[in-house]
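Here is upload-v8.cif, consisting of mmCIF, C-alpha atoms:
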data_entry
#
loop_
_atom_site.group_PDB
_atom_site.id
_atom_site.type_symbol
_atom_site.label_atom_id
_atom_site.label_comp_id
_atom_site.auth_asym_id
_atom_site.auth_seq_id
_atom_site.Cartn_x
_atom_site.Cartn_y
_atom_site.Cartn_z
ATOM 1 C CA MET A 208 113.846 178.707 98.700
ATOM 2 C CA LYS A 209 114.479 182.057 97.064
ATOM 3 C CA ILE A 210 117.606 184.171 96.794
ATOM 4 C CA GLY A 211 116.147 187.608 96.300
ATOM 5 C CA ASN A 212 113.672 187.058 93.482
ATOM 6 C CA VAL A 213 115.440 183.967 92.148
ATOM 7 C CA GLU A 214 113.706 180.692 92.914
ATOM 8 C CA ILE A 215 115.928 177.707 93.710
ATOM 9 C CA ASN A 216 114.280 174.358 92.998
ATOM 10 C CA GLY A 217 116.351 171.727 94.736
ATOM 11 C CA TYR A 218 118.314 171.053 97.869
ATOM 12 C CA ALA A 219 121.934 171.364 96.735
ATOM 13 C CA ALA A 220 124.103 173.801 94.794
ATOM 14 C CA LEU A 221 127.382 173.311 92.951
ATOM 15 C CA ALA A 222 130.236 175.248 94.546
ATOM 16 C CA PRO A 223 132.588 177.488 92.561
ATOM 17 C CA MET A 224 135.844 175.584 92.036
ATOM 18 C CA ALA A 225 138.658 177.081 89.969
ATOM 19 C CA GLY A 226 139.481 174.933 86.975
ATOM 20 C CA VAL A 227 136.527 172.633 87.675
ATOM 21 C CA SER A 228 133.170 174.441 87.808
ATOM 22 C CA ASP A 229 133.203 175.387 84.147
ATOM 23 C CA ARG A 230 130.258 175.392 81.767
ATOM 24 C CA ALA A 231 130.566 171.690 80.927
ATOM 25 C CA PHE A 232 130.532 170.585 84.563
ATOM 26 C CA ARG A 233 127.849 173.069 85.606
ATOM 27 C CA GLU A 234 125.495 171.864 82.881
ATOM 28 C CA LEU A 235 126.135 168.248 83.814
ATOM 29 C CA CYS A 236 125.415 168.886 87.494
ATOM 30 C CA VAL A 237 122.176 170.702 86.640
ATOM 31 C CA ASP A 238 121.149 167.669 84.578
ATOM 32 C CA PHE A 239 121.650 165.545 87.700
ATOM 33 C CA GLY A 240 119.615 167.804 89.950
ATOM 34 C CA ALA A 241 121.790 170.694 91.139
ATOM 35 C CA GLY A 242 119.302 173.425 91.997
ATOM 36 C CA TYR A 243 121.802 176.242 91.568
ATOM 37 C CA VAL A 244 125.363 176.584 90.255
ATOM 38 C CA VAL A 245 128.142 179.112 90.808
ATOM 39 C CA GLY A 246 130.846 179.591 88.184
ATOM 40 C CA GLU A 247 134.594 179.714 88.691
ATOM 41 C CA MET A 248 135.776 182.822 90.524
ATOM 42 C CA VAL A 249 136.690 185.726 88.262
ATOM 43 C CA SER A 250 139.102 188.566 88.979
ATOM 44 C CA SER A 251 137.266 191.887 89.206
ATOM 45 C CA LYS A 252 140.371 193.683 87.985
ATOM 46 C CA GLY A 253 140.728 191.220 85.114
ATOM 47 C CA VAL A 254 137.144 191.941 84.083
ATOM 48 C CA THR A 255 137.551 195.722 84.247
ATOM 49 C CA TYR A 256 140.780 195.454 82.239
ATOM 50 C CA HIS A 257 138.850 193.332 79.712
ATOM 51 C CA ASN A 258 141.265 190.437 80.118
ATOM 52 C CA ASP A 259 140.154 187.718 77.697
ATOM 53 C CA LYS A 260 140.517 184.833 80.167
ATOM 54 C CA SER A 261 138.535 186.683 82.829
ATOM 55 C CA ILE A 262 135.790 187.659 80.403
ATOM 56 C CA GLU A 263 135.494 184.065 79.136
ATOM 57 C CA LEU A 264 134.698 182.895 82.676
ATOM 58 C CA LEU A 265 131.608 185.120 82.783
ATOM 59 C CA ALA A 266 129.784 183.212 80.036
ATOM 60 C CA LEU A 267 126.690 181.282 81.075
ATOM 61 C CA SER A 268 124.364 179.075 79.051
ATOM 62 C CA GLU A 269 120.613 178.590 79.284
ATOM 63 C CA LYS A 270 121.183 174.948 80.260
ATOM 64 C CA GLU A 271 122.579 175.875 83.678
ATOM 65 C CA ARG A 272 120.007 178.132 85.293
ATOM 66 C CA PRO A 273 119.811 179.570 87.866
ATOM 67 C CA ALA A 274 123.510 180.413 87.820
ATOM 68 C CA ALA A 275 125.785 182.938 89.487
ATOM 69 C CA VAL A 276 128.961 184.666 88.413
ATOM 70 C CA GLN A 277 131.465 184.869 91.272
ATOM 71 C CA LEU A 278 133.823 187.850 91.508
ATOM 72 C CA PHE A 279 136.836 188.351 93.734
ATOM 73 C CA GLY A 280 138.675 191.531 94.658
ATOM 74 C CA TYR A 281 139.063 193.996 97.516
ATOM 75 C CA GLU A 282 138.237 197.395 96.015
ATOM 76 C CA PRO A 283 134.518 198.238 96.248
ATOM 77 C CA GLN A 284 134.359 200.381 93.126
ATOM 78 C CA ILE A 285 136.342 197.922 91.005
ATOM 79 C CA MET A 286 134.045 195.128 92.211
ATOM 80 C CA ALA A 287 131.009 197.246 91.322
ATOM 81 C CA GLU A 288 132.375 198.040 87.864
ATOM 82 C CA ALA A 289 133.159 194.356 87.254
ATOM 83 C CA ALA A 290 129.640 193.408 88.350
ATOM 84 C CA LYS A 291 128.174 195.851 85.824
ATOM 85 C CA ILE A 292 130.256 194.282 83.055
ATOM 86 C CA ALA A 293 129.242 190.802 84.222
ATOM 87 C CA MET A 294 125.587 191.748 83.787
ATOM 88 C CA LYS A 295 126.131 191.704 80.018
ATOM 89 C CA TYR A 296 126.315 187.912 80.363
ATOM 90 C CA ASP A 297 122.940 187.720 82.093
ATOM 91 C CA PRO A 298 123.801 186.055 85.417
ATOM 92 C CA ASP A 299 120.889 185.302 87.725
ATOM 93 C CA ILE A 300 123.008 186.246 90.744
ATOM 94 C CA ILE A 301 126.319 187.985 91.470
ATOM 95 C CA ASP A 302 128.323 186.164 94.165
ATOM 96 C CA ILE A 303 131.208 187.800 96.022
ATOM 97 C CA ASN A 304 134.147 185.621 97.048
ATOM 98 C CA MET A 305 135.244 186.289 100.631
ATOM 99 C CA GLY A 306 136.412 182.752 101.309
ATOM 100 C CA CYS A 307 139.116 181.627 98.874
ATOM 101 C CA PRO A 308 142.174 180.495 100.897
ATOM 102 C CA ALA A 309 144.625 180.295 97.973
ATOM 103 C CA PRO A 310 147.793 182.309 98.766
ATOM 104 C CA LYS A 311 147.801 184.190 95.456
ATOM 105 C CA ILE A 312 144.268 185.426 96.220
ATOM 106 C CA ALA A 313 144.373 185.933 99.984
ATOM 107 C CA MET A 314 147.847 187.487 100.057
ATOM 108 C CA ASN A 315 146.600 190.175 97.680
ATOM 109 C CA GLY A 316 143.846 191.148 100.098
ATOM 110 C CA SER A 317 141.034 189.315 98.307
ATOM 111 C CA GLY A 318 139.099 186.140 99.091
ATOM 112 C CA SER A 319 139.364 185.021 102.713
ATOM 113 C CA ALA A 320 141.630 188.002 103.565
ATOM 114 C CA LEU A 321 138.495 190.146 103.551
ATOM 115 C CA MET A 322 137.377 188.333 106.714
ATOM 116 C CA LYS A 323 140.054 190.361 108.515
ATOM 117 C CA ASN A 324 138.278 193.600 107.604
ATOM 118 C CA PRO A 325 134.502 193.283 108.248
ATOM 119 C CA PRO A 326 133.688 196.941 107.450
ATOM 120 C CA LEU A 327 135.307 196.534 104.017
ATOM 121 C CA CYS A 328 133.156 193.438 103.431
ATOM 122 C CA GLY A 329 130.092 195.621 103.938
ATOM 123 C CA GLU A 330 131.418 198.338 101.622
ATOM 124 C CA ILE A 331 131.996 195.804 98.842
ATOM 125 C CA VAL A 332 128.534 194.302 99.184
ATOM 126 C CA SER A 333 126.923 197.737 99.202
ATOM 127 C CA ALA A 334 128.851 198.873 96.100
ATOM 128 C CA VAL A 335 127.994 195.743 94.131
ATOM 129 C CA LYS A 336 124.372 195.771 95.279
ATOM 130 C CA ASN A 337 123.960 199.347 94.069
ATOM 131 C CA ALA A 338 125.550 198.495 90.728
ATOM 132 C CA VAL A 339 123.327 195.596 89.605
ATOM 133 C CA SER A 340 119.683 194.630 89.407
ATOM 134 C CA VAL A 341 120.081 190.962 90.361
ATOM 135 C CA PRO A 342 120.509 189.445 93.840
ATOM 136 C CA VAL A 343 123.960 189.707 95.427
ATOM 137 C CA THR A 344 125.336 186.910 97.604
ATOM 138 C CA VAL A 345 128.521 186.365 99.576
ATOM 139 C CA LYS A 346 130.635 183.273 100.273
ATOM 140 C CA ILE A 347 132.595 183.454 103.520
ATOM 141 C CA ARG A 348 134.609 181.214 105.827
ATOM 142 C CA LYS A 349 134.474 180.625 109.558
ATOM 143 C CA GLY A 350 137.133 183.303 109.944
ATOM 144 C CA TRP A 351 140.753 184.026 109.096
ATOM 145 C CA ASP A 352 142.287 181.853 111.836
ATOM 146 C CA LYS A 353 141.431 180.362 115.231
ATOM 147 C CA HIS A 354 141.945 183.752 116.867
ATOM 148 C CA SER A 355 139.409 185.504 114.624
ATOM 149 C CA ILE A 356 136.253 183.408 114.305
ATOM 150 C CA ASN A 357 133.990 186.136 112.981
ATOM 151 C CA ALA A 358 131.638 184.546 110.428
ATOM 152 C CA VAL A 359 128.573 185.732 112.365
ATOM 153 C CA GLU A 360 129.813 189.337 112.464
ATOM 154 C CA VAL A 361 130.730 189.369 108.781
ATOM 155 C CA ALA A 362 127.417 187.755 107.800
ATOM 156 C CA GLN A 363 125.445 190.373 109.738
ATOM 157 C CA ILE A 364 127.427 193.213 108.176
ATOM 158 C CA CYS A 365 126.890 191.771 104.697
ATOM 159 C CA GLU A 366 123.159 191.399 105.365
ATOM 160 C CA GLN A 367 122.931 195.015 106.517
ATOM 161 C CA ALA A 368 124.784 196.077 103.358
ATOM 162 C CA GLY A 369 122.196 194.369 101.173
ATOM 163 C CA ALA A 370 123.367 190.771 100.657
ATOM 164 C CA ASP A 371 120.522 188.463 99.627
ATOM 165 C CA ALA A 372 122.130 185.240 100.911
ATOM 166 C CA ILE A 373 125.292 184.015 102.636
ATOM 167 C CA THR A 374 127.248 180.826 101.989
ATOM 168 C CA VAL A 375 129.354 179.672 104.932
ATOM 169 C CA HIS A 376 132.297 177.283 104.619
ATOM 170 C CA GLY A 377 132.954 175.792 108.033
ATOM 171 C CA ARG A 378 136.717 176.254 108.173
ATOM 172 C CA THR A 379 139.051 179.182 108.712
ATOM 173 C CA ARG A 380 141.476 180.312 106.046
ATOM 174 C CA GLU A 381 144.278 178.893 108.193
ATOM 175 C CA GLN A 382 142.662 175.438 108.060
ATOM 176 C CA GLN A 383 142.380 175.462 104.241
ATOM 177 C CA TYR A 384 140.407 172.239 103.584
ATOM 178 C CA MET A 385 141.447 170.290 106.686
ATOM 179 C CA PRO A 386 140.430 169.315 109.429
ATOM 180 C CA PRO A 387 136.685 168.441 109.340
ATOM 181 C CA ALA A 388 134.425 171.419 108.718
ATOM 182 C CA ASP A 389 132.688 173.037 111.698
ATOM 183 C CA TRP A 390 128.959 172.933 110.980
ATOM 184 C CA GLU A 391 128.168 174.680 114.265
ATOM 185 C CA ILE A 392 129.360 177.992 112.816
ATOM 186 C CA ILE A 393 126.857 177.551 109.970
ATOM 187 C CA ARG A 394 124.087 177.069 112.548
ATOM 188 C CA GLN A 395 125.200 180.212 114.377
ATOM 189 C CA VAL A 396 125.143 182.298 111.191
ATOM 190 C CA LYS A 397 121.710 180.955 110.266
ATOM 191 C CA LYS A 398 120.424 181.960 113.697
ATOM 192 C CA ALA A 399 121.964 185.444 113.429
ATOM 193 C CA VAL A 400 120.657 186.599 110.035
ATOM 194 C CA ASN A 401 117.299 186.848 108.283
ATOM 195 C CA ILE A 402 118.480 185.985 104.773
ATOM 196 C CA PRO A 403 119.028 182.474 103.374
ATOM 197 C CA VAL A 404 122.148 180.661 104.546
ATOM 198 C CA ILE A 405 123.873 178.046 102.391
ATOM 199 C CA GLY A 406 125.999 175.466 104.210
ATOM 200 C CA ASN A 407 129.277 174.288 102.728
ATOM 201 C CA GLY A 408 131.967 171.850 103.837
ATOM 202 C CA ASP A 409 132.470 168.085 104.000
ATOM 203 C CA ILE A 410 129.375 166.901 102.157
ATOM 204 C CA THR A 411 130.286 163.881 100.051
ATOM 205 C CA THR A 412 127.085 161.835 100.475
ATOM 206 C CA ALA A 413 123.350 162.453 100.544
ATOM 207 C CA VAL A 414 123.257 161.330 104.174
ATOM 208 C CA GLN A 415 125.774 164.030 105.122
ATOM 209 C CA ALA A 416 123.651 166.616 103.300
ATOM 210 C CA ALA A 417 120.608 165.568 105.337
ATOM 211 C CA GLN A 418 122.677 165.784 108.509
ATOM 212 C CA MET A 419 123.815 169.316 107.658
ATOM 213 C CA PHE A 420 120.229 170.435 107.104
ATOM 214 C CA GLU A 421 119.245 168.942 110.455
ATOM 215 C CA GLN A 422 122.209 170.257 112.444
ATOM 216 C CA THR A 423 122.393 173.773 111.007
ATOM 217 C CA ASN A 424 118.865 174.552 109.771
ATOM 218 C CA CYS A 425 120.512 175.977 106.633
ATOM 219 C CA ASP A 426 118.376 176.686 103.562
ATOM 220 C CA LEU A 427 120.544 174.951 100.961
ATOM 221 C CA VAL A 428 123.723 172.881 100.947
ATOM 222 C CA MET A 429 126.637 173.535 98.611
ATOM 223 C CA ILE A 430 128.706 170.688 97.206
ATOM 224 C CA GLY A 431 132.306 171.156 96.093
ATOM 225 C CA ARG A 432 134.791 168.290 96.151
ATOM 226 C CA GLY A 433 131.984 165.803 96.819
ATOM 227 C CA ALA A 434 130.782 166.335 93.240
ATOM 228 C CA LEU A 435 134.136 165.569 91.580
ATOM 229 C CA GLY A 436 133.576 162.565 89.361
ATOM 230 C CA ASN A 437 130.230 162.260 91.117
ATOM 231 C CA PRO A 438 127.485 164.499 89.657
ATOM 232 C CA TRP A 439 125.011 161.863 90.872
ATOM 233 C CA ILE A 440 125.290 163.295 94.375
ATOM 234 C CA PHE A 441 122.730 165.987 93.507
ATOM 235 C CA LYS A 442 120.169 163.403 92.433
ATOM 236 C CA GLU A 443 120.852 161.313 95.534
ATOM 237 C CA ILE A 444 120.373 164.323 97.815
ATOM 238 C CA SER A 445 117.090 165.244 96.126
ATOM 239 C CA MET A 446 115.798 161.700 96.487
ATOM 240 C CA LEU A 447 116.807 161.367 100.142
ATOM 241 C CA ILE A 448 115.499 164.751 101.253
ATOM 242 C CA GLY A 449 112.377 164.303 99.129
ATOM 243 C CA HIS A 450 111.768 160.872 100.708
ATOM 244 C CA GLU A 451 111.917 159.068 97.378
ATOM 245 C CA ARG A 452 113.020 155.479 96.997
ATOM 246 C CA PRO A 453 116.829 155.434 96.661
ATOM 247 C CA THR A 454 118.292 154.247 93.392
ATOM 248 C CA LEU A 455 120.825 151.463 93.011
ATOM 249 C CA PRO A 456 124.520 152.380 93.297
ATOM 250 C CA VAL A 457 125.919 153.882 90.102
ATOM 251 C CA SER A 458 127.342 151.164 87.879
ATOM 252 C CA THR A 459 130.755 151.292 86.250
ATOM 253 C CA ALA A 460 129.069 151.410 82.839
ATOM 254 C CA GLU A 461 127.048 154.481 83.817
ATOM 255 C CA LYS A 462 130.117 156.195 85.286
ATOM 256 C CA ILE A 463 131.960 155.674 82.020
ATOM 257 C CA SER A 464 129.025 156.858 79.938
ATOM 258 C CA VAL A 465 128.628 160.074 81.943
ATOM 259 C CA MET A 466 132.376 160.694 81.998
ATOM 260 C CA LEU A 467 132.533 160.473 78.192
ATOM 261 C CA ARG A 468 129.535 162.790 77.919
ATOM 262 C CA HIS A 469 131.278 165.249 80.267
ATOM 263 C CA VAL A 470 134.546 165.144 78.349
ATOM 264 C CA GLN A 471 132.716 165.516 75.046
ATOM 265 C CA LYS A 472 131.220 168.752 76.387
ATOM 266 C CA LEU A 473 134.681 169.938 77.451
ATOM 267 C CA CYS A 474 135.991 169.361 73.929
ATOM 268 C CA GLU A 475 132.962 171.026 72.372
ATOM 269 C CA TYR A 476 133.291 174.168 74.481
ATOM 270 C CA LYS A 477 137.085 174.453 74.705
ATOM 271 C CA GLY A 478 138.405 172.533 71.723
ATOM 272 C CA GLU A 479 139.950 169.074 71.887
ATOM 273 C CA TYR A 480 143.464 170.249 72.754
ATOM 274 C CA VAL A 481 142.447 172.152 75.894
ATOM 275 C CA GLY A 482 139.446 169.963 76.656
ATOM 276 C CA MET A 483 141.417 166.733 76.779
ATOM 277 C CA ARG A 484 144.095 168.181 79.010
ATOM 278 C CA GLU A 485 141.428 169.315 81.439
ATOM 279 C CA ALA A 486 139.717 165.949 81.078
ATOM 280 C CA ARG A 487 142.692 164.150 82.615
ATOM 281 C CA LYS A 488 141.871 165.240 86.169
ATOM 282 C CA HIS A 489 138.167 164.580 85.690
ATOM 283 C CA ALA A 490 138.866 161.080 84.379
ATOM 284 C CA GLY A 491 140.930 160.410 87.504
ATOM 285 C CA TRP A 492 137.964 161.369 89.681
ATOM 286 C CA TYR A 493 135.519 159.235 87.707
ATOM 287 C CA PHE A 494 137.870 156.238 87.879
ATOM 288 C CA LYS A 495 137.960 156.363 91.675
ATOM 289 C CA GLY A 496 136.666 153.120 93.128
ATOM 290 C CA MET A 497 136.962 151.161 89.891
ATOM 291 C CA ARG A 498 139.155 148.099 89.554
ATOM 292 C CA ASP A 499 142.751 149.062 88.675
ATOM 293 C CA ALA A 500 141.889 152.718 89.331
ATOM 294 C CA ALA A 501 145.530 153.698 89.881
ATOM 295 C CA SER A 502 146.530 152.286 86.498
ATOM 296 C CA LEU A 503 143.580 153.952 84.786
ATOM 297 C CA ARG A 504 144.444 157.329 86.325
ATOM 298 C CA ARG A 505 148.050 156.971 85.224
ATOM 299 C CA LYS A 506 147.029 156.201 81.655
ATOM 300 C CA ALA A 507 144.463 159.007 81.654
ATOM 301 C CA GLY A 508 147.225 161.411 82.641
ATOM 302 C CA SER A 509 148.683 161.313 79.142
ATOM 303 C CA ILE A 510 145.613 161.170 76.904
ATOM 304 C CA GLU A 511 145.505 163.803 74.173
ATOM 305 C CA LYS A 512 142.466 162.897 72.080
ATOM 306 C CA PHE A 513 138.894 162.004 72.896
ATOM 307 C CA ASP A 514 139.251 158.748 70.970
ATOM 308 C CA ASP A 515 142.158 157.813 73.272
ATOM 309 C CA LEU A 516 139.844 158.051 76.267
ATOM 310 C CA VAL A 517 137.193 155.980 74.496
ATOM 311 C CA GLU A 518 139.768 153.254 73.831
ATOM 312 C CA LEU A 519 140.937 153.332 77.437
ATOM 313 C CA CYS A 520 137.354 152.886 78.612
ATOM 314 C CA LYS A 521 136.930 149.812 76.428
ATOM 315 C CA SER A 522 139.574 148.080 78.526
ATOM 316 C CA ILE A 523 137.617 148.544 81.777
ATOM 317 C CA GLU A 524 135.844 145.529 83.251
ATOM 318 C CA MET A 525 132.134 146.193 83.740
#
The structure in this file should be written as structure tokens.
Amino acid sequence: MKIGNVEINGYAALAPMAGVSDRAFRELCVDFGAGYVVGEMVSSKGVTYHNDKSIELLALSEKERPAAVQLFGYEPQIMAEAAKIAMKYDPDIIDINMGCPAPKIAMNGSGSALMKNPPLCGEIVSAVKNAVSVPVTVKIRKGWDKHSINAVEVAQICEQAGADAITVHGRTREQQYMPPADWEIIRQVKKAVNIPVIGNGDITTAVQAAQMFEQTNCDLVMIGRGALGNPWIFKEISMLIGHERPTLPVSTAEKISVMLRHVQKLCEYKGEYVGMREARKHAGWYFKGMRDAASLRRKAGSIEKFDDLVELCKSIEM
């Protein structure tokens, strides 16, 4: 498929997840077959104010292409200005967040709160589209709450304003990440627009990805929580959809090897002090399903040095 003039080779994309979808994880997921990655959401105001933390989140490497920068905000001109600044970091795509349910984002009028104001959604897309030379995409939800299921309307408005693709998460803001995602709304959006539609919500296995393709006719699936401690999911999806012979289940030894490689990247890009503190949550996800996983997660919660994690791994039964 293509998003504007950007070719996506693969069947699954990595979702933007705050504090998770950083450079280290994006590169790892691309290595395992992610066809497209979206970085952590970045405040448009933070970018225009040249806030160091916001600017750092714009950085992309050549090992993670094609990749998008995702911006959030509610003021069209500020979003456009932030998109122009983001272009200095050579993103392949600019993605607009209209789906984040976090209170500190939504209560400020950004993220999923934009679903309550469809005309404003169109104004933001139009402003950003006119400000940059790369494709512009939008990530939305089913709606704000059960009384305002308007994903189809918002998607059509965004398309008319120039959006090159739409990602749909099958829950309302009110539902957060529970109950099960509604894939029917993704099918409805796909039927209503003429641009690519990316389906998102409740894909934790390759089989579920295949089911979403079949049920919604979407052009690409987006994986969020299903990739935590499990970058192999992208390879598994590619093999299943591509009708290749499935590989054996991932062994404990391989999980440990990839985890250490991941954490090494974190330390390389962020320094050992920050990298190892961020590694604690990732280690917990990788340890899931292993023998004595609860004990391993508890011990990982206090590691401070990479060598400490290596020593902890030596105690794991293969």
Once 6 Å is added on each side, what are the centre and the three edge lengths, in Å to one decimal, of the axis-aligned box enclosing the listed atoms of stretch 386-401 of chain A? Present them as lines of an AutoDock Vina configuration file.
center_x = 128.9
center_y = 177.6
center_z = 111.3
size_x = 35.1
size_y = 30.4
size_z = 18.1
Task: Residues in the PyMOL selection byres ((chain A and resi 382) around 10), expressed as a ChimeraX atom specification - done: /A:308,349-353,377-381,383-388
- [ ] Give me the residues within 7 Å of A:Ala222 as a PyMOL selection string, counting all atoms listed in the file and dropping any in the same chain fewer than 5 places off.
- [x] chain A and resi 244-245+429-431
Save the residues we just selected, C-alpha atoms, as an mmCIF file, in the frame of the given file?
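Saved the output as out25.cif:
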data_model
loop_
_atom_site.group_PDB
_atom_site.id
_atom_site.type_symbol
_atom_site.label_atom_id
_atom_site.label_comp_id
_atom_site.auth_asym_id
_atom_site.auth_seq_id
_atom_site.Cartn_x
_atom_site.Cartn_y
_atom_site.Cartn_z
ATOM 1 C CA VAL A 244 125.363 176.584 90.255
ATOM 2 C CA VAL A 245 128.142 179.112 90.808
ATOM 3 C CA MET A 429 126.637 173.535 98.611
ATOM 4 C CA ILE A 430 128.706 170.688 97.206
ATOM 5 C CA GLY A 431 132.306 171.156 96.093
#
Open item on the list: Give me the residues near stretch 455-465 of chain A as an MDAnalysis selection string, where near means some atom within 10 Å (using only C-alpha atoms) and where sequence neighbours in that chain fewer than 5 positions away do not count.
Closed with: chainID A and resid 235 436:439 443 470:471 490 493:494 496:498 517 520:521 523:525
Print the selection's residues with C-alpha atoms to a file, as a PDB file, in the frame of the given file.
ATOM      1  CA  LEU A 235     126.135 168.248  83.814  1.00  0.00           C
ATOM      2  CA  GLY A 436     133.576 162.565  89.361  1.00  0.00           C
ATOM      3  CA  ASN A 437     130.230 162.260  91.117  1.00  0.00           C
ATOM      4  CA  PRO A 438     127.485 164.499  89.657  1.00  0.00           C
ATOM      5  CA  TRP A 439     125.011 161.863  90.872  1.00  0.00           C
ATOM      6  CA  GLU A 443     120.852 161.313  95.534  1.00  0.00           C
ATOM      7  CA  VAL A 470     134.546 165.144  78.349  1.00  0.00           C
ATOM      8  CA  GLN A 471     132.716 165.516  75.046  1.00  0.00           C
ATOM      9  CA  ALA A 490     138.866 161.080  84.379  1.00  0.00           C
ATOM     10  CA  TYR A 493     135.519 159.235  87.707  1.00  0.00           C
ATOM     11  CA  PHE A 494     137.870 156.238  87.879  1.00  0.00           C
ATOM     12  CA  GLY A 496     136.666 153.120  93.128  1.00  0.00           C
ATOM     13  CA  MET A 497     136.962 151.161  89.891  1.00  0.00           C
ATOM     14  CA  ARG A 498     139.155 148.099  89.554  1.00  0.00           C
ATOM     15  CA  VAL A 517     137.193 155.980  74.496  1.00  0.00           C
ATOM     16  CA  CYS A 520     137.354 152.886  78.612  1.00  0.00           C
ATOM     17  CA  LYS A 521     136.930 149.812  76.428  1.00  0.00           C
ATOM     18  CA  ILE A 523     137.617 148.544  81.777  1.00  0.00           C
ATOM     19  CA  GLU A 524     135.844 145.529  83.251  1.00  0.00           C
ATOM     20  CA  MET A 525     132.134 146.193  83.740  1.00  0.00           C
TER      21      MET A 525
END
Can you translate the PyMOL selection byres ((chain A and resi 262) around 10) into the concrete residues it hits in this file, as a CSV table (one decimal) with C-alpha atoms, in the frame of the given file?
chain,number,residue,atom,x,y,z
A,249,VAL,CA,136.7,185.7,88.3
A,250,SER,CA,139.1,188.6,89.0
A,251,SER,CA,137.3,191.9,89.2
A,253,GLY,CA,140.7,191.2,85.1
A,254,VAL,CA,137.1,191.9,84.1
A,255,THR,CA,137.6,195.7,84.2
A,256,TYR,CA,140.8,195.5,82.2
A,257,HIS,CA,138.8,193.3,79.7
A,258,ASN,CA,141.3,190.4,80.1
A,259,ASP,CA,140.2,187.7,77.7
A,260,LYS,CA,140.5,184.8,80.2
A,261,SER,CA,138.5,186.7,82.8
A,263,GLU,CA,135.5,184.1,79.1
A,264,LEU,CA,134.7,182.9,82.7
A,265,LEU,CA,131.6,185.1,82.8
A,266,ALA,CA,129.8,183.2,80.0
A,289,ALA,CA,133.2,194.4,87.3
A,292,ILE,CA,130.3,194.3,83.1
A,293,ALA,CA,129.2,190.8,84.2
A,296,TYR,CA,126.3,187.9,80.4
Task: Selection dump of the PyMOL selection byres ((chain A and resi 312) around 12), as a ChimeraX atom specification - done: /A:225,248-251,278-281,304-311,313-321,380
Which residues, written as a CSV table (one decimal) with C-alpha atoms, in the coordinates of the input, have at least one atom at most 9 Å from stretch 408-416 of chain A, with all atoms listed in the file counted and residues fewer than 2 positions away on the same chain left out?
chain,number,residue,atom,x,y,z
A,218,TYR,CA,118.3,171.1,97.9
A,219,ALA,CA,121.9,171.4,96.7
A,375,VAL,CA,129.4,179.7,104.9
A,376,HIS,CA,132.3,177.3,104.6
A,377,GLY,CA,133.0,175.8,108.0
A,378,ARG,CA,136.7,176.3,108.2
A,384,TYR,CA,140.4,172.2,103.6
A,387,PRO,CA,136.7,168.4,109.3
A,388,ALA,CA,134.4,171.4,108.7
A,389,ASP,CA,132.7,173.0,111.7
A,390,TRP,CA,129.0,172.9,111.0
A,406,GLY,CA,126.0,175.5,104.2
A,418,GLN,CA,122.7,165.8,108.5
A,419,MET,CA,123.8,169.3,107.7
A,420,PHE,CA,120.2,170.4,107.1
A,421,GLU,CA,119.2,168.9,110.5
A,428,VAL,CA,123.7,172.9,100.9
A,429,MET,CA,126.6,173.5,98.6
A,430,ILE,CA,128.7,170.7,97.2
A,431,GLY,CA,132.3,171.2,96.1
A,432,ARG,CA,134.8,168.3,96.2
A,433,GLY,CA,132.0,165.8,96.8
A,434,ALA,CA,130.8,166.3,93.2
A,440,ILE,CA,125.3,163.3,94.4
A,441,PHE,CA,122.7,166.0,93.5
A,442,LYS,CA,120.2,163.4,92.4
A,443,GLU,CA,120.9,161.3,95.5
A,444,ILE,CA,120.4,164.3,97.8
A,445,SER,CA,117.1,165.2,96.1
A,446,MET,CA,115.8,161.7,96.5
A,447,LEU,CA,116.8,161.4,100.1
A,448,ILE,CA,115.5,164.8,101.3
